[in-house]
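run-v6.txt, holding compact mmCIF, C-alpha atoms:
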```
# COMPACT_ATOMS: atom_id res chain seq x y z
CA MET S 963 117.10 83.22 121.67
CA ALA S 964 116.68 86.78 120.46
CA GLU S 965 113.64 88.99 120.37
CA PHE S 966 112.62 90.66 117.12
CA ASP S 967 110.21 93.54 116.58
CA ALA S 968 108.24 93.08 113.39
CA LYS S 969 106.06 95.48 111.39
CA VAL S 970 103.70 93.88 108.90
CA TYR S 971 101.88 95.80 106.16
CA VAL S 972 98.93 94.08 104.51
CA THR S 973 97.36 95.68 101.45
CA LEU S 974 94.70 94.67 98.96
CA ARG S 975 95.99 93.51 95.60
CA PRO S 976 95.73 96.38 93.09
CA SER S 977 93.07 94.52 91.10
CA VAL S 978 90.77 94.18 94.14
CA LEU S 979 88.12 96.84 94.74
CA ASP S 980 88.46 98.73 98.04
CA PRO S 981 85.05 100.05 99.15
CA ALA S 982 86.48 101.27 102.47
CA GLY S 983 89.08 103.31 100.57
CA VAL S 984 86.37 104.79 98.34
CA ALA S 985 84.33 105.75 101.42
CA VAL S 986 87.30 107.38 103.16
CA GLN S 987 88.22 109.24 99.97
CA SER S 988 84.66 110.54 99.73
CA GLY S 989 84.90 111.72 103.34
CA ILE S 990 88.20 113.46 102.64
CA HIS S 991 86.65 115.22 99.63
CA GLN S 992 83.71 116.35 101.74
CA LEU S 993 86.16 117.83 104.24
CA GLY S 994 87.43 120.08 101.43
CA TYR S 995 90.42 118.18 100.05
CA PRO S 996 89.47 117.20 96.48
CA GLN S 997 93.18 116.92 95.61
CA VAL S 998 93.40 113.58 97.45
CA GLN S 999 93.01 110.51 95.22
CA GLN S 1000 93.66 106.77 95.13
CA VAL S 1001 92.93 106.12 98.81
CA ARG S 1002 93.53 102.48 99.70
CA ILE S 1003 93.08 101.07 103.19
CA GLY S 1004 95.33 98.34 104.52
CA LYS S 1005 96.28 96.76 107.81
CA TYR S 1006 99.35 97.43 109.88
CA VAL S 1007 100.38 94.89 112.53
CA GLU S 1008 103.16 95.23 115.08
CA LEU S 1009 104.35 92.18 116.99
CA THR S 1010 107.39 90.62 118.59
CA VAL S 1011 108.82 87.19 117.74
CA THR S 1012 111.30 85.25 119.82
CA ALA S 1013 113.55 83.16 117.58
CA SER S 1014 117.06 81.79 117.42
CA ASP S 1015 118.09 84.15 114.63
CA ARG S 1016 116.77 86.55 112.03
CA GLY S 1017 116.24 83.82 109.43
CA ALA S 1018 114.09 81.78 111.78
CA ALA S 1019 112.06 84.86 112.72
CA GLU S 1020 111.46 85.68 109.05
CA GLU S 1021 110.40 82.14 108.30
CA GLN S 1022 107.91 82.07 111.18
CA LEU S 1023 106.54 85.47 110.26
CA THR S 1024 106.05 84.40 106.64
CA GLN S 1025 104.00 81.42 107.79
CA ILE S 1026 101.96 83.57 110.18
CA CYS S 1027 101.25 86.14 107.45
CA ASP S 1028 100.23 83.43 104.97
CA GLN S 1029 97.97 81.70 107.49
CA ILE S 1030 96.33 84.42 109.55
CA LEU S 1031 97.40 88.01 108.93
CA ALA S 1032 96.75 88.16 105.19
CA ASN S 1033 94.33 86.51 102.79
CA PRO S 1034 96.64 85.64 99.88
CA VAL S 1035 93.72 85.52 97.45
CA ILE S 1036 93.03 89.24 97.72
CA GLU S 1037 95.92 90.65 99.75
CA VAL S 1038 99.67 91.01 99.63
CA TYR S 1039 101.96 91.70 102.57
CA ARG S 1040 105.46 92.82 103.36
CA PHE S 1041 107.25 93.05 106.68
CA GLU S 1042 110.28 94.53 108.40
CA ILE S 1043 112.12 92.80 111.22
CA MET S 1044 114.42 94.49 113.69
CA GLU S 1045 116.32 92.74 116.44
CA ARG S 1046 115.53 94.21 119.81
CA VAL S 1047 118.62 95.37 121.63
CA SER S 1048 118.36 94.40 125.27
CA SER S 1049 119.72 96.67 127.94
CA SER S 1050 120.63 93.75 130.19
CA MET R 896 101.47 121.24 90.94
CA ALA R 897 103.18 118.01 91.89
CA GLU R 898 101.74 114.67 92.85
CA PHE R 899 102.83 113.00 96.09
CA ASP R 900 102.39 109.41 97.19
CA ALA R 901 101.71 109.19 100.91
CA LYS R 902 101.75 106.26 103.32
CA VAL R 903 99.99 106.81 106.62
CA TYR R 904 100.37 104.53 109.65
CA VAL R 905 97.77 104.85 112.39
CA THR R 906 98.31 102.99 115.65
CA LEU R 907 96.59 102.90 119.00
CA ARG R 908 98.30 104.81 121.77
CA PRO R 909 100.31 102.40 123.94
CA SER R 910 97.99 102.99 126.90
CA VAL R 911 94.88 101.97 124.92
CA LEU R 912 93.71 98.36 125.07
CA ASP R 913 93.68 96.55 121.72
CA PRO R 914 91.10 93.73 121.78
CA ALA R 915 91.66 93.00 118.06
CA GLY R 916 95.36 92.55 118.72
CA VAL R 917 94.63 90.22 121.64
CA ALA R 918 92.32 88.14 119.42
CA VAL R 919 94.87 87.91 116.60
CA GLN R 920 97.61 86.98 119.07
CA SER R 921 95.38 84.22 120.44
CA GLY R 922 94.84 82.96 116.89
CA ILE R 923 98.57 82.98 116.21
CA HIS R 924 99.19 81.00 119.41
CA GLN R 925 96.54 78.46 118.38
CA LEU R 926 98.34 78.05 115.07
CA GLY R 927 101.38 76.91 117.02
CA TYR R 928 103.45 80.06 117.42
CA PRO R 929 103.52 80.82 121.16
CA GLN R 930 106.70 82.84 120.67
CA VAL R 931 104.70 85.74 119.18
CA GLN R 932 103.77 88.46 121.67
CA GLN R 933 102.63 92.08 121.85
CA VAL R 934 100.43 91.98 118.77
CA ARG R 935 98.92 95.39 118.03
CA ILE R 936 96.66 96.12 115.07
CA GLY R 937 96.78 99.44 113.27
CA LYS R 938 95.65 100.98 110.01
CA TYR R 939 97.72 101.60 106.94
CA VAL R 940 96.46 104.08 104.35
CA GLU R 941 97.96 104.82 100.95
CA LEU R 942 96.85 107.89 99.02
CA THR R 943 98.03 110.54 96.60
CA VAL R 944 97.92 114.29 97.20
CA THR R 945 98.32 116.96 94.54
CA ALA R 946 100.00 120.02 96.02
CA SER R 947 102.30 122.87 95.04
CA ASP R 948 105.22 121.50 97.04
CA ARG R 949 106.15 119.00 99.73
CA GLY R 950 105.43 121.40 102.56
CA ALA R 951 101.89 122.02 101.33
CA ALA R 952 101.32 118.28 100.89
CA GLU R 953 102.52 117.60 104.45
CA GLU R 954 100.31 120.33 105.85
CA GLN R 955 97.21 118.99 104.07
CA LEU R 956 97.98 115.45 105.11
CA THR R 957 98.39 116.48 108.74
CA GLN R 958 94.94 118.09 108.67
CA ILE R 959 93.41 115.04 106.99
CA CYS R 960 94.98 112.70 109.55
CA ASP R 961 93.79 114.83 112.45
CA GLN R 962 90.26 115.11 111.07
CA ILE R 963 89.44 111.77 109.50
CA LEU R 964 92.17 109.12 109.38
CA ALA R 965 93.05 109.03 113.06
CA ASN R 966 91.19 109.60 116.30
CA PRO R 967 93.70 111.69 118.27
CA VAL R 968 92.13 110.68 121.59
CA ILE R 969 93.17 107.05 121.23
CA GLU R 970 95.45 106.95 118.19
CA VAL R 971 98.72 108.36 116.93
CA TYR R 972 99.84 108.53 113.32
CA ARG R 973 102.92 109.05 111.23
CA PHE R 974 103.28 109.36 107.48
CA GLU R 975 105.82 109.29 104.68
CA ILE R 976 105.52 111.41 101.55
CA MET R 977 107.29 110.74 98.27
CA GLU R 978 107.05 112.93 95.18
CA ARG R 979 105.87 110.94 92.22
CA VAL R 980 108.26 111.17 89.31
CA SER R 981 106.26 111.59 86.13
CA SER R 982 107.41 109.93 82.96
CA SER R 983 106.04 112.76 80.78
```
Whole structure given in structure tokens:
Amino acid sequence: MAEFDAKVYVTLRPSVLDPAGVAVQSGIHQLGYPQVQQVRIGKYVELTVTASDRGAAEEQLTQICDQILANPVIEVYRFEIMERVSSS
Amino acid sequence: MAEFDAKVYVTLRPSVLDPAGVAVQSGIHQLGYPQVQQVRIGKYVELTVTASDRGAAEEQLTQICDQILANPVIEVYRFEIMERVSSS
């Protein structure tokens, strides 16, 4: 079994309104940066998966994203997987 | 002036407890994936900055991260900047 470090990025679909992004953008403008636009807030999740190989880790992570990390109705996700190199 | 697309990743410092991550990890385990560990939840922010050059965009983004996107006491951030290629 190998250990994999995964980084998951969950973002709202482009057609979905993002009130949190609008609020943060307004805050940024009030700080004196009107040149900042199109602020969208997403989630970033780091985790480790123990699996027999990279394919198995990707499959498990896809299921986990579909079931708990992202809401497929309004969100999309992508992830990166890196095998952890053990020093032992 | 050029337009830059930025992606900002904000994560809790490793020494800071992450109750949301613990809760999500518990949910993942209940779904039947006990092989997932070390779940940490962060923020992911996409935005555009209009600036004279990449250096100016990076400088503005650093100030924005320090002031509003991240809490430097408990969080660290990193960002990527890409110049948007206009079709005009």
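Between atom CA of S:Gln1000 and atom CA of R:Leu942 the interatomic distance comes to 5.2 Å.
Here atom CA of S:Lys1005 and atom CA of R:Glu978 stand 23.2 Å from one another.
Proximity to S:Gly989 was assessed for R:Ile976, R:Pro909, R:Thr945, R:Cys960 counting all atoms listed in the file; the smallest distance is recorded for R:Cys960.
You will find atom CA of R:Leu956 at 21.1 Å from atom CA of R:Ser981.
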Which residues of chain S sit at most 7 Å from chain R, using only C-alpha atoms? Give each one's shortest atom pair and distance in Å (one decimal place), in chain and ascending residue order, as JSON lines.
```
{"residue": "S:Ile990", "atom": "CA", "partner": "R:Ile959", "partner_atom": "CA", "distance": 7.0}
{"residue": "S:Gln997", "atom": "CA", "partner": "R:Thr945", "partner_atom": "CA", "distance": 5.3}
{"residue": "S:Val998", "atom": "CA", "partner": "R:Val944", "partner_atom": "CA", "distance": 4.6}
{"residue": "S:Gln999", "atom": "CA", "partner": "R:Thr943", "partner_atom": "CA", "distance": 5.2}
{"residue": "S:Gln1000", "atom": "CA", "partner": "R:Leu942", "partner_atom": "CA", "distance": 5.2}
{"residue": "S:Val1001", "atom": "CA", "partner": "R:Leu942", "partner_atom": "CA", "distance": 4.3}
{"residue": "S:Arg1002", "atom": "CA", "partner": "R:Glu941", "partner_atom": "CA", "distance": 5.2}
{"residue": "S:Ile1003", "atom": "CA", "partner": "R:Val940", "partner_atom": "CA", "distance": 4.7}
{"residue": "S:Gly1004", "atom": "CA", "partner": "R:Tyr939", "partner_atom": "CA", "distance": 4.7}
{"residue": "S:Lys1005", "atom": "CA", "partner": "R:Lys938", "partner_atom": "CA", "distance": 4.8}
{"residue": "S:Tyr1006", "atom": "CA", "partner": "R:Gly937", "partner_atom": "CA", "distance": 4.7}
{"residue": "S:Val1007", "atom": "CA", "partner": "R:Ile936", "partner_atom": "CA", "distance": 4.7}
{"residue": "S:Glu1008", "atom": "CA", "partner": "R:Arg935", "partner_atom": "CA", "distance": 5.2}
{"residue": "S:Leu1009", "atom": "CA", "partner": "R:Val934", "partner_atom": "CA", "distance": 4.3}
{"residue": "S:Thr1010", "atom": "CA", "partner": "R:Gln932", "partner_atom": "CA", "distance": 5.2}
{"residue": "S:Val1011", "atom": "CA", "partner": "R:Val931", "partner_atom": "CA", "distance": 4.6}
{"residue": "S:Thr1012", "atom": "CA", "partner": "R:Gln930", "partner_atom": "CA", "distance": 5.3}
{"residue": "S:Ile1026", "atom": "CA", "partner": "R:Ile923", "partner_atom": "CA", "distance": 6.9}
```
Original post:
Of the candidates R:Val968, R:Gln925, R:Asp961, R:Gly950, which shows the shortest atom-to-atom distance to R:Ser910, using all atoms listed in the file?
Top reply: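 Of the candidates, the smallest distance to R:Ser910 is held by R:Val968.
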